[in-house]
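Written below as structure tokens is the structure these notes are about.
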Amino acid sequence: HSPAAPNMTTILALLYSTMLSRGHTCPSRCLCPDHHTVDCSGRALTHLPGPFPLNVRRLLLANNWISWIPSDFLLLYSDLVYLDLRNNSLSQLEPGTLSTPFSRLVFLDLGSNNLTEIPSGSFGESRSLIKLRLGDNPYLSAVGPHAFQGLSSLRELGLERNGLSDLDVSALEPLASLRTLRLEGNPWECSCRFAKLFAWLTEHRDKLPTGMEGLECTLPLDGGRVPLSVLSEESFRECRGTLSLADYLIVIFSGISVSVAAILASFFLASTVHCFQRISKGGKSDEEEGND
């Protein structure tokens with residue numbers, strides 16, 4: 001070997017090392033204990049610090065003031081498996097922000113934020129997601145009927161200690177792999193809207209870590225709180241004949257239609273009788289003239 005050969009090998013090694021280190025650059029104010037983990041927890045961040053290494057798998061962003069997630073976030077970091085956004089200032093989720101056809105996300109924690117609603121389609125393509133935590137969002141009072149559509153692998157869903165008074169059962173029905181559902185600490189109301197959810201929970205009580213005893217709802221008359229374990233489907237028997245808003249609209253529309261039809265029929269009948277009378281009078285007059 002020539003004397004220059006070792007030097008060339010050294011130069012190539014240094015270039016490779018430099019390129020590798022640039023590919024794993026750690027964002028400022030964050031820690032990167034390994035090539036696949038970025039820890040930005042508790043750094044008083046108001047936005048995502050990025051750019052992160054493209055091959056990041058575990059991203060820890062808990063205990064900051066982050067209020068917004070870019071809509072193309074998962075498109076850039078398709079290897080991301082674990083995302084912790086606990087205790088931030090997120091107030092809304094744009095549909096599709098946390099879902100892509102190629103997402104590998106398995107764990108997502110959005111607990112202890114300022115979320116008010118989980119719209120339909122929020123996690124539409126996250127078929128790899130196994131654990132989704134949305135608890136401790138005190139202003140979260142609405143969950144879209146298709147909010148969890150497509151989460152075919154989801155095993156754990158946390159909705160505890162939010163502001164939910166009712167929940168559309170159709171939001172839970174697509175979760176075929178669900179094993180754990182946390183709903184305790186919500187201001188559930190024992191209304192007719194709650195009746196279907198109560199029936200679903202009764203059938204799937206094995207998914208509730210605290211059981212039916214750990215869930216309470218408010219009685220409509222005296223405002224008292226009672227555990228669901230003391231209720232039964234008979235407790236909602238008065239709701240069986242209750243009409244929904246759509247039913248009332250149908251009844252009202254039908255009543256108006258019947259009234260209009262009756263008025264038109266009466267008008268038509270009266271016009272027919274009147275015409276008949278005029279024809280009869282005309283016939284009589286002609287007959288009298290003939291007699292004369």
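Within each chain, counting starts at residue 1; across the structure tokens, chains are named A, B, ... in the order shown, with ligands numbered 1 upward in that order.
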
Report as a ChimeraX atom specification: the residues of segment 20-192 of chain A with a DSSP assignment of strand (DSSP E), based on the backbone of this structure.
/A:31-34,37-39,58-60,82-84,107-109,117-118,131-133,142-143,156-158,180-182,188-189

Quick one: residues within 9 Å of Ser71 of chain A, only C-alpha atoms, excluding same-chain residues fewer than 5 positions away - as a PyMOL selection string?
chain A and resi 94-98

Same residues, C-alpha atoms, saved as a JSON list (two decimals), in the first residue's frame:
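Wrote selection10.json, looks like this:
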[["chain", "number", "residue", "atom", "x", "y", "z"],
["A", 94, "GLU", "CA", -56.92, 19.83, 12.77],
["A", 95, "PRO", "CA", -58.35, 16.67, 11.15],
["A", 96, "GLY", "CA", -55.54, 14.62, 9.64],
["A", 97, "THR", "CA", -52.71, 16.36, 11.51],
["A", 98, "LEU", "CA", -51.81, 13.20, 13.43]]

Go through segment 130-150 of chain A residue by residue and, counting only C-alpha atoms, keep those with an atom at most 12 Å from segment 90-93 of chain A; for each kept residue give the shortest atom pair and its distance in Å to one decimal, ordered by chain and increasing number, as a Markdown table.
| residue | atom | partner | partner_atom | distance |
| --- | --- | --- | --- | --- |
| A:Leu134 | CA | A:Leu90 | CA | 11.4 |
| A:Asn137 | CA | A:Ser91 | CA | 9.3 |
| A:Pro138 | CA | A:Ser91 | CA | 11.0 |
| A:Tyr139 | CA | A:Ser91 | CA | 9.0 |
| A:Leu140 | CA | A:Ser91 | CA | 9.2 |
| A:Ala142 | CA | A:Gln92 | CA | 11.5 |
| A:Val143 | CA | A:Leu93 | CA | 11.7 |
| A:Ala147 | CA | A:Leu93 | CA | 11.0 |

Using only C-alpha atoms, determine which residues lie at most 9 Å from segment 235-241 of chain A, disregarding the query and same-chain residues fewer than 5 positions distant; provide the list as a count of residues only.
6

Rounded to one decimal place, report the atom CA of Asp79 of chain A-atom CA of His36 of chain A distance in Å.
9.3 Å

In Å, rounded to a single decimal, give me how far atom CA of Ser28 of chain A is from atom CA of Pro49 of chain A.
7.4 Å

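The spacing separating atom CA of Val169 of chain A from atom CA of Asn113 of chain A amounts to 24.0 Å.
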
Which residues, written as a compact mmCIF listing (two decimals) with C-alpha atoms, in the first residue's frame, have at least one atom at most 8 Å from Asp39 of chain A, with only C-alpha atoms counted and residues fewer than 5 positions away on the same chain left out?
# COMPACT_ATOMS: atom_id res chain seq x y z
CA CYS A 30 -33.26 19.37 23.89
CA LEU A 31 -31.44 16.19 24.85
CA CYS A 32 -30.76 13.25 22.55
CA PRO A 33 -29.67 10.24 24.62
CA LEU A 59 -40.22 12.37 20.76
CA LEU A 60 -40.80 13.70 24.28
CA LEU A 61 -42.40 17.16 24.43

Could you list, as a ChimeraX atom specification, every residue within 12 Å of Leu83 of chain A, counting only C-alpha atoms and ignoring same-chain residues fewer than 6 positions away?
/A:37-41,56-62,73-74,77,98,103-111,129,131-133

From a backbone DSSP assignment, name each residue in segment 3-232 of chain A labelled helix (DSSP H, G or I), as a PDB file with N, CA, C and O atoms, in the first residue's frame.
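After the write, selection-v5.pdb holds the following:
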ATOM      1  N   ALA A   4      -0.129   7.178   1.079  1.00  0.00           N
ATOM      2  CA  ALA A   4      -1.306   8.065   1.052  1.00  0.00           C
ATOM      3  C   ALA A   4      -2.601   7.324   1.363  1.00  0.00           C
ATOM      4  O   ALA A   4      -3.597   7.934   1.710  1.00  0.00           O
ATOM      5  N   ALA A   5      -2.573   5.973   1.245  1.00  0.00           N
ATOM      6  CA  ALA A   5      -3.792   5.200   1.435  1.00  0.00           C
ATOM      7  C   ALA A   5      -4.391   5.371   2.817  1.00  0.00           C
ATOM      8  O   ALA A   5      -5.597   5.620   2.953  1.00  0.00           O
ATOM      9  N   PRO A   6      -3.613   5.256   3.907  1.00  0.00           N
ATOM     10  CA  PRO A   6      -4.206   5.431   5.241  1.00  0.00           C
ATOM     11  C   PRO A   6      -4.817   6.817   5.427  1.00  0.00           C
ATOM     12  O   PRO A   6      -5.844   6.983   6.065  1.00  0.00           O
ATOM     13  N   ASN A   7      -4.157   7.827   4.845  1.00  0.00           N
ATOM     14  CA  ASN A   7      -4.667   9.186   4.986  1.00  0.00           C
ATOM     15  C   ASN A   7      -6.031   9.318   4.307  1.00  0.00           C
ATOM     16  O   ASN A   7      -6.943   9.965   4.822  1.00  0.00           O
ATOM     17  N   MET A   8      -6.185   8.699   3.110  1.00  0.00           N
ATOM     18  CA  MET A   8      -7.462   8.757   2.394  1.00  0.00           C
ATOM     19  C   MET A   8      -8.560   8.046   3.198  1.00  0.00           C
ATOM     20  O   MET A   8      -9.693   8.530   3.275  1.00  0.00           O
ATOM     21  N   THR A   9      -8.203   6.902   3.805  1.00  0.00           N
ATOM     22  CA  THR A   9      -9.171   6.183   4.632  1.00  0.00           C
ATOM     23  C   THR A   9      -9.621   7.026   5.810  1.00  0.00           C
ATOM     24  O   THR A   9     -10.815   7.084   6.157  1.00  0.00           O
ATOM     25  N   THR A  10      -8.666   7.720   6.393  1.00  0.00           N
ATOM     26  CA  THR A  10      -8.987   8.579   7.542  1.00  0.00           C
ATOM     27  C   THR A  10      -9.916   9.713   7.142  1.00  0.00           C
ATOM     28  O   THR A  10     -10.885  10.044   7.837  1.00  0.00           O
ATOM     29  N   ILE A  11      -9.615  10.308   5.956  1.00  0.00           N
ATOM     30  CA  ILE A  11     -10.447  11.415   5.475  1.00  0.00           C
ATOM     31  C   ILE A  11     -11.873  10.951   5.212  1.00  0.00           C
ATOM     32  O   ILE A  11     -12.851  11.604   5.594  1.00  0.00           O
ATOM     33  N   LEU A  12     -12.025   9.763   4.560  1.00  0.00           N
ATOM     34  CA  LEU A  12     -13.352   9.222   4.285  1.00  0.00           C
ATOM     35  C   LEU A  12     -14.111   8.926   5.572  1.00  0.00           C
ATOM     36  O   LEU A  12     -15.314   9.174   5.677  1.00  0.00           O
ATOM     37  N   ALA A  13     -13.398   8.407   6.565  1.00  0.00           N
ATOM     38  CA  ALA A  13     -14.020   8.114   7.850  1.00  0.00           C
ATOM     39  C   ALA A  13     -14.512   9.382   8.530  1.00  0.00           C
ATOM     40  O   ALA A  13     -15.608   9.438   9.103  1.00  0.00           O
ATOM     41  N   LEU A  14     -13.696  10.455   8.428  1.00  0.00           N
ATOM     42  CA  LEU A  14     -14.095  11.731   9.037  1.00  0.00           C
ATOM     43  C   LEU A  14     -15.306  12.320   8.325  1.00  0.00           C
ATOM     44  O   LEU A  14     -16.224  12.853   8.958  1.00  0.00           O
ATOM     45  N   LEU A  15     -15.303  12.230   6.967  1.00  0.00           N
ATOM     46  CA  LEU A  15     -16.451  12.739   6.208  1.00  0.00           C
ATOM     47  C   LEU A  15     -17.722  11.978   6.560  1.00  0.00           C
ATOM     48  O   LEU A  15     -18.791  12.568   6.746  1.00  0.00           O
ATOM     49  N   TYR A  16     -17.632  10.656   6.663  1.00  0.00           N
ATOM     50  CA  TYR A  16     -18.789   9.827   7.013  1.00  0.00           C
ATOM     51  C   TYR A  16     -19.302  10.168   8.402  1.00  0.00           C
ATOM     52  O   TYR A  16     -20.502  10.291   8.638  1.00  0.00           O
ATOM     53  N   SER A  17     -18.345  10.379   9.324  1.00  0.00           N
ATOM     54  CA  SER A  17     -18.722  10.716  10.697  1.00  0.00           C
ATOM     55  C   SER A  17     -19.425  12.066  10.759  1.00  0.00           C
ATOM     56  O   SER A  17     -20.416  12.246  11.466  1.00  0.00           O
ATOM     57  N   THR A  18     -18.921  13.027   9.962  1.00  0.00           N
ATOM     58  CA  THR A  18     -19.527  14.368   9.938  1.00  0.00           C
ATOM     59  C   THR A  18     -20.945  14.317   9.383  1.00  0.00           C
ATOM     60  O   THR A  18     -21.876  14.896   9.936  1.00  0.00           O
ATOM     61  N   MET A  19     -21.112  13.580   8.263  1.00  0.00           N
ATOM     62  CA  MET A  19     -22.445  13.449   7.667  1.00  0.00           C
ATOM     63  C   MET A  19     -23.406  12.764   8.617  1.00  0.00           C
ATOM     64  O   MET A  19     -24.565  13.140   8.745  1.00  0.00           O
ATOM     65  N   LEU A  20     -22.912  11.736   9.324  1.00  0.00           N
ATOM     66  CA  LEU A  20     -23.766  11.007  10.268  1.00  0.00           C
ATOM     67  C   LEU A  20     -24.196  11.899  11.402  1.00  0.00           C
ATOM     68  O   LEU A  20     -25.359  11.916  11.811  1.00  0.00           O
ATOM     69  N   SER A  21     -23.261  12.703  11.922  1.00  0.00           N
ATOM     70  CA  SER A  21     -23.594  13.576  13.054  1.00  0.00           C
ATOM     71  C   SER A  21     -24.583  14.655  12.631  1.00  0.00           C
ATOM     72  O   SER A  21     -25.469  15.027  13.378  1.00  0.00           O
ATOM     73  N   ARG A  22     -24.447  15.143  11.383  1.00  0.00           N
ATOM     74  CA  ARG A  22     -25.386  16.147  10.901  1.00  0.00           C
ATOM     75  C   ARG A  22     -26.776  15.542  10.735  1.00  0.00           C
ATOM     76  O   ARG A  22     -27.776  16.188  10.959  1.00  0.00           O
ATOM     77  N   GLY A  23     -26.832  14.282  10.340  1.00  0.00           N
ATOM     78  CA  GLY A  23     -28.117  13.616  10.179  1.00  0.00           C
ATOM     79  C   GLY A  23     -28.827  13.412  11.503  1.00  0.00           C
ATOM     80  O   GLY A  23     -30.028  13.197  11.544  1.00  0.00           O
ATOM     81  N   PHE A  73     -46.843  17.334  10.054  1.00  0.00           N
ATOM     82  CA  PHE A  73     -45.851  16.888  11.036  1.00  0.00           C
ATOM     83  C   PHE A  73     -45.449  15.426  10.822  1.00  0.00           C
ATOM     84  O   PHE A  73     -44.262  15.084  10.741  1.00  0.00           O
ATOM     85  N   LEU A  74     -46.419  14.523  10.728  1.00  0.00           N
ATOM     86  CA  LEU A  74     -46.101  13.102  10.603  1.00  0.00           C
ATOM     87  C   LEU A  74     -45.579  12.738   9.221  1.00  0.00           C
ATOM     88  O   LEU A  74     -44.950  11.692   9.052  1.00  0.00           O
ATOM     89  N   LEU A  75     -45.841  13.581   8.235  1.00  0.00           N
ATOM     90  CA  LEU A  75     -45.278  13.329   6.911  1.00  0.00           C
ATOM     91  C   LEU A  75     -43.755  13.451   6.937  1.00  0.00           C
ATOM     92  O   LEU A  75     -43.048  12.726   6.239  1.00  0.00           O
ATOM     93  N   LEU A  76     -43.264  14.378   7.755  1.00  0.00           N
ATOM     94  CA  LEU A  76     -41.815  14.593   7.843  1.00  0.00           C
ATOM     95  C   LEU A  76     -41.134  13.519   8.677  1.00  0.00           C
ATOM     96  O   LEU A  76     -39.996  13.144   8.389  1.00  0.00           O
ATOM     97  N   VAL A 169     -72.176   6.696  20.868  1.00  0.00           N
ATOM     98  CA  VAL A 169     -71.688   5.317  20.836  1.00  0.00           C
ATOM     99  C   VAL A 169     -70.994   4.997  19.518  1.00  0.00           C
ATOM    100  O   VAL A 169     -70.066   4.176  19.479  1.00  0.00           O
ATOM    101  N   SER A 170     -71.401   5.643  18.437  1.00  0.00           N
ATOM    102  CA  SER A 170     -70.793   5.371  17.133  1.00  0.00           C
ATOM    103  C   SER A 170     -69.308   5.727  17.106  1.00  0.00           C
ATOM    104  O   SER A 170     -68.575   5.259  16.232  1.00  0.00           O
ATOM    105  N   ALA A 171     -68.843   6.544  18.058  1.00  0.00           N
ATOM    106  CA  ALA A 171     -67.417   6.848  18.141  1.00  0.00           C
ATOM    107  C   ALA A 171     -66.620   5.653  18.663  1.00  0.00           C
ATOM    108  O   ALA A 171     -65.431   5.509  18.365  1.00  0.00           O
ATOM    109  N   CYS A 192     -81.714  10.917  28.475  1.00  0.00           N
ATOM    110  CA  CYS A 192     -82.039   9.957  27.413  1.00  0.00           C
ATOM    111  C   CYS A 192     -80.914   9.856  26.393  1.00  0.00           C
ATOM    112  O   CYS A 192     -80.747   8.819  25.745  1.00  0.00           O
ATOM    113  N   ARG A 193     -80.119  10.918  26.241  1.00  0.00           N
ATOM    114  CA  ARG A 193     -78.982  10.874  25.326  1.00  0.00           C
ATOM    115  C   ARG A 193     -77.905   9.924  25.842  1.00  0.00           C
ATOM    116  O   ARG A 193     -77.097   9.415  25.061  1.00  0.00           O
ATOM    117  N   PHE A 194     -77.906   9.702  27.148  1.00  0.00           N
ATOM    118  CA  PHE A 194     -76.902   8.831  27.771  1.00  0.00           C
ATOM    119  C   PHE A 194     -77.317   7.364  27.726  1.00  0.00           C
ATOM    120  O   PHE A 194     -76.506   6.476  27.977  1.00  0.00           O
ATOM    121  N   ALA A 195     -78.573   7.108  27.386  1.00  0.00           N
ATOM    122  CA  ALA A 195     -79.120   5.746  27.470  1.00  0.00           C
ATOM    123  C   ALA A 195     -78.356   4.755  26.594  1.00  0.00           C
ATOM    124  O   ALA A 195     -78.029   3.645  27.029  1.00  0.00           O
ATOM    125  N   LYS A 196     -78.047   5.120  25.362  1.00  0.00           N
ATOM    126  CA  LYS A 196     -77.329   4.210  24.464  1.00  0.00           C
ATOM    127  C   LYS A 196     -75.914   3.942  24.951  1.00  0.00           C
ATOM    128  O   LYS A 196     -75.412   2.818  24.866  1.00  0.00           O
ATOM    129  N   LEU A 197     -75.246   4.978  25.462  1.00  0.00           N
ATOM    130  CA  LEU A 197     -73.897   4.791  25.999  1.00  0.00           C
ATOM    131  C   LEU A 197     -73.935   3.874  27.208  1.00  0.00           C
ATOM    132  O   LEU A 197     -73.073   3.003  27.374  1.00  0.00           O
ATOM    133  N   PHE A 198     -74.956   4.046  28.064  1.00  0.00           N
ATOM    134  CA  PHE A 198     -75.089   3.183  29.235  1.00  0.00           C
ATOM    135  C   PHE A 198     -75.244   1.720  28.816  1.00  0.00           C
ATOM    136  O   PHE A 198     -74.614   0.828  29.392  1.00  0.00           O
ATOM    137  N   ALA A 199     -76.061   1.464  27.809  1.00  0.00           N
ATOM    138  CA  ALA A 199     -76.244   0.090  27.321  1.00  0.00           C
ATOM    139  C   ALA A 199     -74.935  -0.467  26.776  1.00  0.00           C
ATOM    140  O   ALA A 199     -74.600  -1.637  27.013  1.00  0.00           O
ATOM    141  N   TRP A 200     -74.156   0.373  26.063  1.00  0.00           N
ATOM    142  CA  TRP A 200     -72.870  -0.072  25.508  1.00  0.00           C
ATOM    143  C   TRP A 200     -71.884  -0.380  26.633  1.00  0.00           C
ATOM    144  O   TRP A 200     -71.177  -1.388  26.594  1.00  0.00           O
ATOM    145  N   LEU A 201     -71.843   0.485  27.632  1.00  0.00           N
ATOM    146  CA  LEU A 201     -70.923   0.279  28.759  1.00  0.00           C
ATOM    147  C   LEU A 201     -71.296  -0.971  29.551  1.00  0.00           C
ATOM    148  O   LEU A 201     -70.421  -1.700  30.039  1.00  0.00           O
ATOM    149  N   THR A 202     -72.576  -1.214  29.695  1.00  0.00           N
ATOM    150  CA  THR A 202     -73.027  -2.420  30.396  1.00  0.00           C
ATOM    151  C   THR A 202     -72.533  -3.675  29.674  1.00  0.00           C
ATOM    152  O   THR A 202     -72.076  -4.636  30.300  1.00  0.00           O
ATOM    153  N   GLU A 203     -72.584  -3.634  28.358  1.00  0.00           N
ATOM    154  CA  GLU A 203     -72.154  -4.785  27.562  1.00  0.00           C
ATOM    155  C   GLU A 203     -70.635  -4.940  27.550  1.00  0.00           C
ATOM    156  O   GLU A 203     -70.129  -6.062  27.436  1.00  0.00           O
ATOM    157  N   ARG A 205     -68.426  -3.752  30.023  1.00  0.00           N
ATOM    158  CA  ARG A 205     -67.909  -3.322  31.327  1.00  0.00           C
ATOM    159  C   ARG A 205     -66.526  -3.877  31.640  1.00  0.00           C
ATOM    160  O   ARG A 205     -65.790  -3.326  32.468  1.00  0.00           O
ATOM    161  N   ASP A 206     -66.142  -4.973  30.977  1.00  0.00           N
ATOM    162  CA  ASP A 206     -64.821  -5.558  31.205  1.00  0.00           C
ATOM    163  C   ASP A 206     -63.698  -4.662  30.695  1.00  0.00           C
ATOM    164  O   ASP A 206     -62.535  -4.834  31.075  1.00  0.00           O
ATOM    165  N   LYS A 207     -64.016  -3.656  29.875  1.00  0.00           N
ATOM    166  CA  LYS A 207     -63.008  -2.739  29.355  1.00  0.00           C
ATOM    167  C   LYS A 207     -62.757  -1.561  30.302  1.00  0.00           C
ATOM    168  O   LYS A 207     -61.833  -0.772  30.081  1.00  0.00           O
ATOM    169  N   MET A 212     -68.161  -0.300  36.479  1.00  0.00           N
ATOM    170  CA  MET A 212     -69.306   0.623  36.482  1.00  0.00           C
ATOM    171  C   MET A 212     -69.366   1.412  37.789  1.00  0.00           C
ATOM    172  O   MET A 212     -69.972   2.478  37.850  1.00  0.00           O
ATOM    173  N   GLU A 213     -68.745   0.877  38.831  1.00  0.00           N
ATOM    174  CA  GLU A 213     -68.738   1.567  40.132  1.00  0.00           C
ATOM    175  C   GLU A 213     -67.933   2.863  40.072  1.00  0.00           C
ATOM    176  O   GLU A 213     -68.182   3.806  40.826  1.00  0.00           O
ATOM    177  N   GLY A 214     -66.946   2.909  39.179  1.00  0.00           N
ATOM    178  CA  GLY A 214     -66.080   4.084  39.105  1.00  0.00           C
ATOM    179  C   GLY A 214     -66.617   5.211  38.251  1.00  0.00           C
ATOM    180  O   GLY A 214     -65.986   6.266  38.141  1.00  0.00           O
ATOM    181  N   LEU A 228     -72.914   4.360  38.193  1.00  0.00           N
ATOM    182  CA  LEU A 228     -73.644   3.639  37.157  1.00  0.00           C
ATOM    183  C   LEU A 228     -74.002   2.229  37.599  1.00  0.00           C
ATOM    184  O   LEU A 228     -74.929   1.621  37.064  1.00  0.00           O
ATOM    185  N   SER A 229     -73.279   1.735  38.591  1.00  0.00           N
ATOM    186  CA  SER A 229     -73.522   0.366  39.056  1.00  0.00           C
ATOM    187  C   SER A 229     -74.897   0.205  39.702  1.00  0.00           C
ATOM    188  O   SER A 229     -75.411  -0.909  39.791  1.00  0.00           O
ATOM    189  N   VAL A 230     -75.520   1.315  40.165  1.00  0.00           N
ATOM    190  CA  VAL A 230     -76.835   1.212  40.803  1.00  0.00           C
ATOM    191  C   VAL A 230     -77.965   1.393  39.784  1.00  0.00           C
ATOM    192  O   VAL A 230     -79.135   1.286  40.134  1.00  0.00           O
TER     193      VAL A 230
END

Close residues, Arg155 of chain A itself excluded, 9 Å, only C-alpha atoms, min 4 positions apart in chain, as a ChimeraX atom specification:
/A:129-132,175-181
